$ cat start_4.txt   # compact mmCIF, C-alpha atoms
# COMPACT_ATOMS: atom_id res chain seq x y z
CA MET U 1 119.56 34.03 164.12
CA VAL U 2 118.26 31.46 161.62
CA ASN U 3 120.71 28.69 160.87
CA PRO U 4 121.54 28.50 157.14
CA GLN U 5 120.13 25.51 155.30
CA PRO U 6 122.60 22.93 154.02
CA ASN U 7 123.34 22.88 150.30
CA LEU U 8 121.53 20.15 148.41
CA ASP U 9 123.20 17.51 146.28
CA ASN U 10 123.78 18.56 142.64
CA ALA U 11 121.53 15.77 141.36
CA VAL U 12 118.67 16.88 143.62
CA VAL U 13 119.03 20.50 142.51
CA PHE U 14 119.06 19.46 138.85
CA GLU U 15 115.92 17.35 139.22
CA GLN U 16 114.04 20.08 141.07
CA LEU U 17 114.92 22.83 138.58
CA TRP U 18 114.02 20.57 135.64
CA GLN U 19 110.75 19.69 137.37
CA ILE U 20 109.90 23.40 137.75
CA THR U 21 110.25 23.89 133.99
CA HIS U 22 107.89 20.96 133.41
CA GLU U 23 105.32 22.42 135.82
CA LEU U 24 105.44 25.73 133.97
CA ARG U 25 105.17 24.07 130.58
CA GLN U 26 102.15 22.09 131.76
CA LYS U 27 100.39 25.34 132.67
CA ILE U 28 101.15 26.75 129.23
CA GLU U 29 100.01 23.57 127.49
CA ALA U 30 96.76 23.65 129.46
CA ARG U 31 96.00 27.09 127.98
CA PHE U 32 97.25 26.67 124.40
CA THR U 33 97.02 24.02 121.72
CA LEU U 34 100.62 23.24 120.79
CA HIS U 35 102.16 20.97 118.18
CA PRO U 36 105.72 19.58 118.13
CA GLU U 37 107.88 21.18 115.46
CA PRO U 38 109.37 18.60 113.07
CA SER U 39 112.36 20.81 112.21
CA THR U 40 114.02 20.07 115.57
CA LYS U 41 113.02 16.43 116.03
CA ASP U 42 116.62 15.22 115.75
CA LEU U 43 117.57 17.43 118.71
CA GLU U 44 115.15 15.88 121.18
CA GLU U 45 118.07 13.79 122.47
CA TYR U 46 121.74 14.40 121.79
CA THR U 47 125.17 13.71 123.31
CA GLY U 48 128.19 15.99 123.58
CA ILE U 49 131.83 15.31 122.79
CA ASP U 50 132.05 13.89 126.32
CA SER U 51 129.49 11.08 126.61
CA ASN U 52 128.57 12.34 130.10
CA VAL U 53 127.03 15.42 128.47
CA LYS U 54 123.44 14.86 127.41
CA GLY U 55 120.96 17.32 126.03
CA SER U 56 117.40 17.74 124.87
CA MET U 57 115.61 20.42 122.89
CA LYS U 58 111.90 20.28 122.13
CA THR U 59 110.11 23.01 120.21
CA PHE U 60 106.41 23.69 119.70
CA SER U 61 104.09 26.12 117.94
CA GLY U 62 100.37 26.76 117.70
CA SER U 63 97.70 29.22 116.64
CA GLU U 64 98.71 31.66 119.40
CA ILE U 65 102.28 30.56 120.14
CA ASP U 66 104.87 31.22 117.45
CA TRP U 67 107.77 29.34 119.04
CA LEU U 68 108.15 27.55 122.38
CA VAL U 69 111.51 26.05 123.36
CA HIS U 70 112.02 23.61 126.25
CA SER U 71 115.65 22.58 126.44
CA LEU U 72 118.24 21.02 128.71
CA LEU U 73 122.01 20.48 128.79
CA HIS U 74 123.37 18.32 131.63
CA ASN U 75 126.73 16.83 132.57
CA SER U 76 126.06 13.91 134.89
CA LYS U 77 129.72 13.69 135.91
CA THR U 78 130.29 17.31 136.99
CA GLY U 79 126.70 18.10 137.97
CA PHE U 80 126.50 21.11 135.65
CA SER U 81 123.10 21.76 134.12
CA THR U 82 121.40 24.55 132.20
CA MET U 83 117.82 24.61 130.99
CA ARG U 84 115.35 27.00 129.47
CA LEU U 85 111.67 27.44 128.74
CA THR U 86 110.95 30.34 126.40
CA THR U 87 107.58 31.16 124.88
CA TRP U 88 107.23 33.55 121.95
CA LEU U 89 103.72 34.73 121.14
CA LYS U 90 102.29 35.40 117.71
CA PRO U 91 101.60 39.03 116.72
CA HIS U 92 97.84 38.88 117.24
CA ILE U 93 98.46 40.45 120.68
CA SER U 94 101.37 42.45 122.09
CA VAL U 95 101.68 40.79 125.51
CA PRO U 96 105.40 40.27 126.32
CA HIS U 97 107.10 36.99 125.60
CA LEU U 98 108.00 34.74 128.54
CA ALA U 99 111.52 33.54 129.41
CA PHE U 100 112.95 31.19 132.04
CA GLU U 101 116.55 29.99 132.27
CA PHE U 102 118.01 28.01 135.17
CA SER U 103 121.59 26.82 135.61
CA SER U 104 123.31 24.90 138.38
CA PHE U 105 126.97 24.21 139.02
CA GLY U 106 127.56 24.68 142.70
CA ASN U 107 125.31 27.72 143.03
CA ILE U 108 122.06 28.24 141.14
CA LEU U 109 121.64 30.92 138.48
CA PHE U 110 118.08 31.83 137.57
CA TYR U 111 116.74 34.26 134.98
CA ILE U 112 113.02 35.04 134.70
CA ASP U 113 111.71 37.78 132.45
CA TYR U 114 108.97 39.24 130.30
CA VAL U 115 110.59 40.07 126.94
CA PRO U 116 109.18 43.42 125.70
CA ARG U 117 107.31 43.55 122.40
CA ASN U 118 107.75 47.32 122.02
CA ASP U 119 110.10 50.14 122.94
CA LEU U 120 108.96 50.79 126.51
CA LEU U 121 110.04 54.44 126.46
CA MET U 122 107.69 54.99 123.54
CA ASN U 123 104.94 52.73 124.95
CA LEU U 124 104.32 53.80 128.52
CA ASP U 125 101.06 51.86 128.53
CA ASP U 126 103.07 48.64 128.14
CA LEU U 127 105.50 49.77 130.83
CA ASN U 128 102.69 50.39 133.31
CA ARG U 129 100.56 47.39 132.35
CA TYR U 130 103.22 44.68 132.15
CA TYR U 131 106.24 45.84 134.14
CA GLU U 132 104.99 48.00 137.00
CA PRO U 133 103.13 44.99 138.54
CA VAL U 134 106.44 43.12 138.79
CA ASN U 135 108.50 46.00 140.15
CA GLN U 136 107.78 45.13 143.77
CA THR U 137 108.94 41.54 143.18
CA PHE U 138 112.10 42.94 141.60
CA LEU U 139 112.72 45.20 144.60
CA THR U 140 111.98 42.43 147.09
CA LEU U 141 114.52 40.12 145.47
CA GLN U 142 117.06 42.93 145.29
CA SER U 143 116.86 43.29 149.05
CA ASP U 144 117.01 39.53 149.78
CA SER U 145 120.43 38.88 151.31
CA ARG U 146 120.32 35.24 150.16
CA LEU U 147 120.45 36.34 146.52
CA SER U 148 123.23 37.97 144.51
CA PRO U 149 122.20 39.94 141.40
CA PHE U 150 123.81 38.50 138.30
CA ILE U 151 124.95 41.19 135.87
CA SER U 152 126.24 39.76 132.61
CA LYS U 153 129.48 41.10 131.18
CA SER U 154 127.85 40.87 127.75
CA LEU U 155 126.24 44.05 126.43
CA GLN U 156 124.14 41.89 124.07
CA VAL U 157 122.68 39.97 127.02
CA ARG U 158 121.95 43.08 129.06
CA VAL U 159 120.17 44.91 126.24
CA PHE U 160 117.86 41.90 125.84
CA GLN U 161 116.70 42.04 129.46
CA SER U 162 113.69 44.05 130.60
CA PRO U 163 113.70 46.61 133.45
CA ILE U 164 112.29 43.98 135.84
CA SER U 165 114.54 41.11 134.77
CA LEU U 166 114.88 38.71 137.71
CA CYS U 167 118.44 37.43 137.36
CA TYR U 168 120.28 36.13 140.42
CA THR U 169 122.64 33.53 141.79
CA CYS U 170 121.99 31.76 145.08
CA SER U 171 122.95 28.76 147.17
CA PRO U 172 121.31 25.44 146.22
CA THR U 173 119.06 25.13 149.27
CA GLU U 174 115.50 23.91 149.67
CA ASP U 175 114.13 27.30 150.70
CA LEU U 176 115.63 29.04 147.65
CA LEU U 177 114.36 26.36 145.29
CA THR U 178 110.92 26.97 146.81
CA LEU U 179 111.36 30.70 146.19
CA ILE U 180 112.31 30.09 142.54
CA ARG U 181 109.32 27.79 142.06
CA THR U 182 106.89 30.26 143.67
CA ILE U 183 108.07 33.26 141.65
CA SER U 184 108.13 31.23 138.43
CA HIS U 185 104.52 30.17 138.85
CA GLU U 186 103.50 33.73 139.74
CA MET U 187 105.11 34.98 136.54
CA VAL U 188 103.31 32.38 134.40
CA ASP U 189 99.95 32.96 136.07
CA ARG U 190 100.21 36.73 135.62
CA TRP U 191 101.22 36.29 131.98
CA LEU U 192 98.30 33.96 131.25
CA GLY U 193 95.96 36.50 132.85
CA TRP U 194 97.25 39.21 130.53
CA ILE U 195 96.68 37.01 127.51
CA ASP U 196 93.08 36.33 128.51
CA VAL U 197 92.21 40.05 128.40
CA ALA U 198 94.64 41.29 125.74
CA GLU U 199 93.38 43.54 122.98
CA ALA U 200 93.98 42.38 119.43
CA VAL U 201 96.79 44.02 117.47
CA PRO U 202 95.41 45.64 114.28
CA GLU U 203 96.04 43.51 111.20
CA SER U 204 98.04 46.34 109.62
CA MET U 205 100.61 46.21 112.45
CA ARG U 206 101.06 42.47 112.81
CA LYS U 207 103.65 41.95 110.07
CA LEU U 208 105.95 44.58 111.59
CA LEU U 209 105.55 43.10 115.08
CA SER U 210 106.24 39.59 113.77
CA GLU U 211 109.42 40.77 112.03
CA ARG U 212 110.59 42.51 115.21
CA ASP U 213 109.92 39.38 117.30
CA LEU U 214 111.88 37.17 114.92
CA PHE U 215 114.80 39.60 114.76
CA ILE U 216 115.07 39.74 118.56
CA ARG U 217 114.71 35.97 118.93
CA ARG U 218 117.43 35.35 116.36
CA TYR U 219 119.71 38.04 117.78
CA SER U 220 119.40 36.71 121.32
CA ALA U 221 120.22 33.16 120.18
CA GLU U 222 123.15 34.03 117.94
CA SER U 223 124.77 36.61 120.23
CA ASP U 224 124.63 34.50 123.40
CA PRO U 225 128.17 34.43 124.86
CA GLY U 226 127.49 30.89 126.08
CA ASN U 227 127.66 29.66 122.48
CA LYS U 228 131.47 29.61 122.59
CA LYS U 229 131.42 27.39 125.65
CA ALA U 230 128.83 25.16 123.99
CA GLU U 231 131.15 24.66 121.01
CA GLN U 232 133.80 23.28 123.35
CA ILE U 233 131.32 20.84 124.87
CA LEU U 234 129.25 19.91 121.83
CA GLY U 235 131.34 20.77 118.79
CA ASN U 236 130.67 23.44 116.16
CA GLU U 237 128.16 21.53 114.03
CA LEU U 238 125.81 20.56 116.87
CA THR U 239 126.10 23.97 118.53
CA ASN U 240 125.15 25.71 115.28
CA LYS U 241 122.11 23.43 114.92
CA LEU U 242 121.00 24.19 118.48
CA VAL U 243 121.44 27.95 118.07
CA LYS U 244 119.42 27.84 114.85
CA ALA U 245 116.72 25.80 116.55
CA LEU U 246 116.43 28.38 119.35
CA TRP U 247 115.07 30.92 116.89
CA GLY U 248 113.42 28.48 114.49
CA GLY U 249 115.75 28.93 111.54
CA ASP U 250 114.89 25.59 109.90
CA ARG U 251 111.17 25.52 110.58
CA PHE U 252 110.09 26.46 107.05
CA LEU U 253 112.40 23.95 105.38
CA THR U 254 110.62 20.81 106.61
$ encode --input "start_4.txt" --output "structure tokens"
Amino acid sequence: MVNPQPNLDNAVVFEQLWQITHELRQKIEARFTLHPEPSTKDLEEYTGIDSNVKGSMKTFSGSEIDWLVHSLLHNSKTGFSTMRLTTWLKPHISVPHLAFEFSSFGNILFYIDYVPRNDLLMNLDDLNRYYEPVNQTFLTLQSDSRLSPFISKSLQVRVFQSPISLCYTCSPTEDLLTLIRTISHEMVDRWLGWIDVAEAVPESMRKLLSERDLFIRRYSAESDPGNKKAEQILGNELTNKLVKALWGGDRFLT
């Protein structure tokens, strides 16, 4: 019997998870030309009601990327942290969007997903092309006794997730951080490969796809049940600014 690994210190877990998001962002930046979005510049560093709570949100866009968010919220006193890296493509192609969210407070919670661009029941080509290749990873993680599937109580959260959503909690150990890093890089590499060979969406369909993307991005930001908790930590005004920044609500006003 293999002896269980000891849990790592909260600070170590935070640094490793945050480092993973930077590694993934570097891969994306190596493929795309991205520009910082001025509409969220004042959110690049912020402090909560409790001065131990610090946060950062950076957003980017480019000719192929409509909206990329790299964000962090961290309480240095309690060790709680939550971070995300979400990449929303423009409607020139219909490859799924890419989502990563990691949280740590005792155990680790990780969410990794390809956000569908179409109704998968009506687009079986998308289902087979983009989701069937990840099904074995999904099944492998389901059978991993070190992981516990995380099923949100929120209907709004569950409807946003794809059929292969990788969403689990686990102990903060070195081997599981390695697993998270490995799967995260696999998901990015696969996604970049799809983009390289993607067929162009006809011009006549791009406006509708863009509107759908924006609706889903806004809905997912505004309906997140974590917003209520954020209000307690950050206050209503700052929380509302952050939620709006997640979907790019102020981007055309600057």
$ residues_around --input "start_4.txt" --residues "Ser210 (chain U)" --least-positions-apart "3" --cutoff "7 Å" --atoms "all atoms listed in the file" --output "ChimeraX atom specification"
/U:90-91,206-207,213-214
$ residues_around --input "start_4.txt" --residues "Val53 (chain U)" --least-positions-apart "4" --cutoff "10 Å" --atoms "only C-alpha atoms" --output "list in words"
Tyr46, Thr47, Gly48, Ile49, Leu73, His74, Asn75, Ser76, Lys77, Thr78, Gly79, Phe80, Ser81, Ile233 and Leu234 of chain U
$ write_last_selection --input "start_4.txt" --atoms "C-alpha atoms" --output "PDB file, in the coordinates of the input"
ATOM      1  CA  TYR U  46     121.740  14.400 121.790  1.00  0.00           C
ATOM      2  CA  THR U  47     125.170  13.710 123.310  1.00  0.00           C
ATOM      3  CA  GLY U  48     128.190  15.990 123.580  1.00  0.00           C
ATOM      4  CA  ILE U  49     131.830  15.310 122.790  1.00  0.00           C
ATOM      5  CA  LEU U  73     122.010  20.480 128.790  1.00  0.00           C
ATOM      6  CA  HIS U  74     123.370  18.320 131.630  1.00  0.00           C
ATOM      7  CA  ASN U  75     126.730  16.830 132.570  1.00  0.00           C
ATOM      8  CA  SER U  76     126.060  13.910 134.890  1.00  0.00           C
ATOM      9  CA  LYS U  77     129.720  13.690 135.910  1.00  0.00           C
ATOM     10  CA  THR U  78     130.290  17.310 136.990  1.00  0.00           C
ATOM     11  CA  GLY U  79     126.700  18.100 137.970  1.00  0.00           C
ATOM     12  CA  PHE U  80     126.500  21.110 135.650  1.00  0.00           C
ATOM     13  CA  SER U  81     123.100  21.760 134.120  1.00  0.00           C
ATOM     14  CA  ILE U 233     131.320  20.840 124.870  1.00  0.00           C
ATOM     15  CA  LEU U 234     129.250  19.910 121.830  1.00  0.00           C
TER      16      LEU U 234
END
$ residues_around --input "start_4.txt" --residues "Asp42 (chain U)" --least-positions-apart "4" --cutoff "10 Å" --atoms "all atoms listed in the file" --output "VMD selection string"
chain U and resid 38 46 56 to 58 241
$ closest_residue --input "start_4.txt" --among "U:Leu127, U:Ala230, U:Ala245, U:Ile65" --to "His92 (chain U)" --atoms "only C-alpha atoms"
U:Ile65
$ closest_residue --input "start_4.txt" --among "U:His185, U:Lys228, U:Arg190, U:His97" --to "Ile216 (chain U)" --atoms "all atoms listed in the file"
U:His97
$ closest_residue --input "start_4.txt" --among "U:Asp113, U:Val69, U:Glu64, U:Arg25" --to "Thr86 (chain U)" --atoms "all atoms listed in the file"
U:Val69
$ closest_residue --input "start_4.txt" --among "U:Ile180, U:Leu109, U:Leu121, U:Ala200" --to "Phe150 (chain U)" --atoms "all atoms listed in the file"
U:Leu109
$ residues_near_point --input "start_4.txt" --point "(101.4, 24.3, 131.0)" --cutoff "12 Å" --atoms "only C-alpha atoms" --output "VMD selection string"
chain U and resid 20 to 34 68 70 85 87 185 188 to 189 192
$ atom_distance --input "start_4.txt" --atom1 "CA of Glu199 (chain U)" --atom2 "CA of Gln136 (chain U)"
25.3 Å
$ closest_residue --input "start_4.txt" --among "U:Thr140, U:Asn107, U:Ser94, U:Asn52" --to "Leu177 (chain U)" --atoms "only C-alpha atoms"
U:Asn107
$ atom_distance --input "start_4.txt" --atom1 "CA of Asp125 (chain U)" --atom2 "CA of Asp66 (chain U)"
23.7 Å
$ atom_distance --input "start_4.txt" --atom1 "CA of Leu72 (chain U)" --atom2 "CA of Thr173 (chain U)"
21.0 Å
$ closest_residue --input "start_4.txt" --among "U:Met122, U:Ile183, U:Val95, U:Val157" --to "Ser220 (chain U)" --atoms "all atoms listed in the file"
U:Val157
$ axis_aligned_box --input "start_4.txt" --around "region 129-144 of chain U" --padding-each-side "3 Å" --output "AutoDock Vina command-line options"
--center_x 108.8 --center_y 43.8 --center_z 141.0 --size_x 22.5 --size_y 14.5 --size_z 23.6
$ residues_around --input "start_4.txt" --residues "Thr169 (chain U)" --least-positions-apart "5" --cutoff "6 Å" --atoms "all atoms listed in the file" --output "ChimeraX atom specification"
/U:108-109,147-148
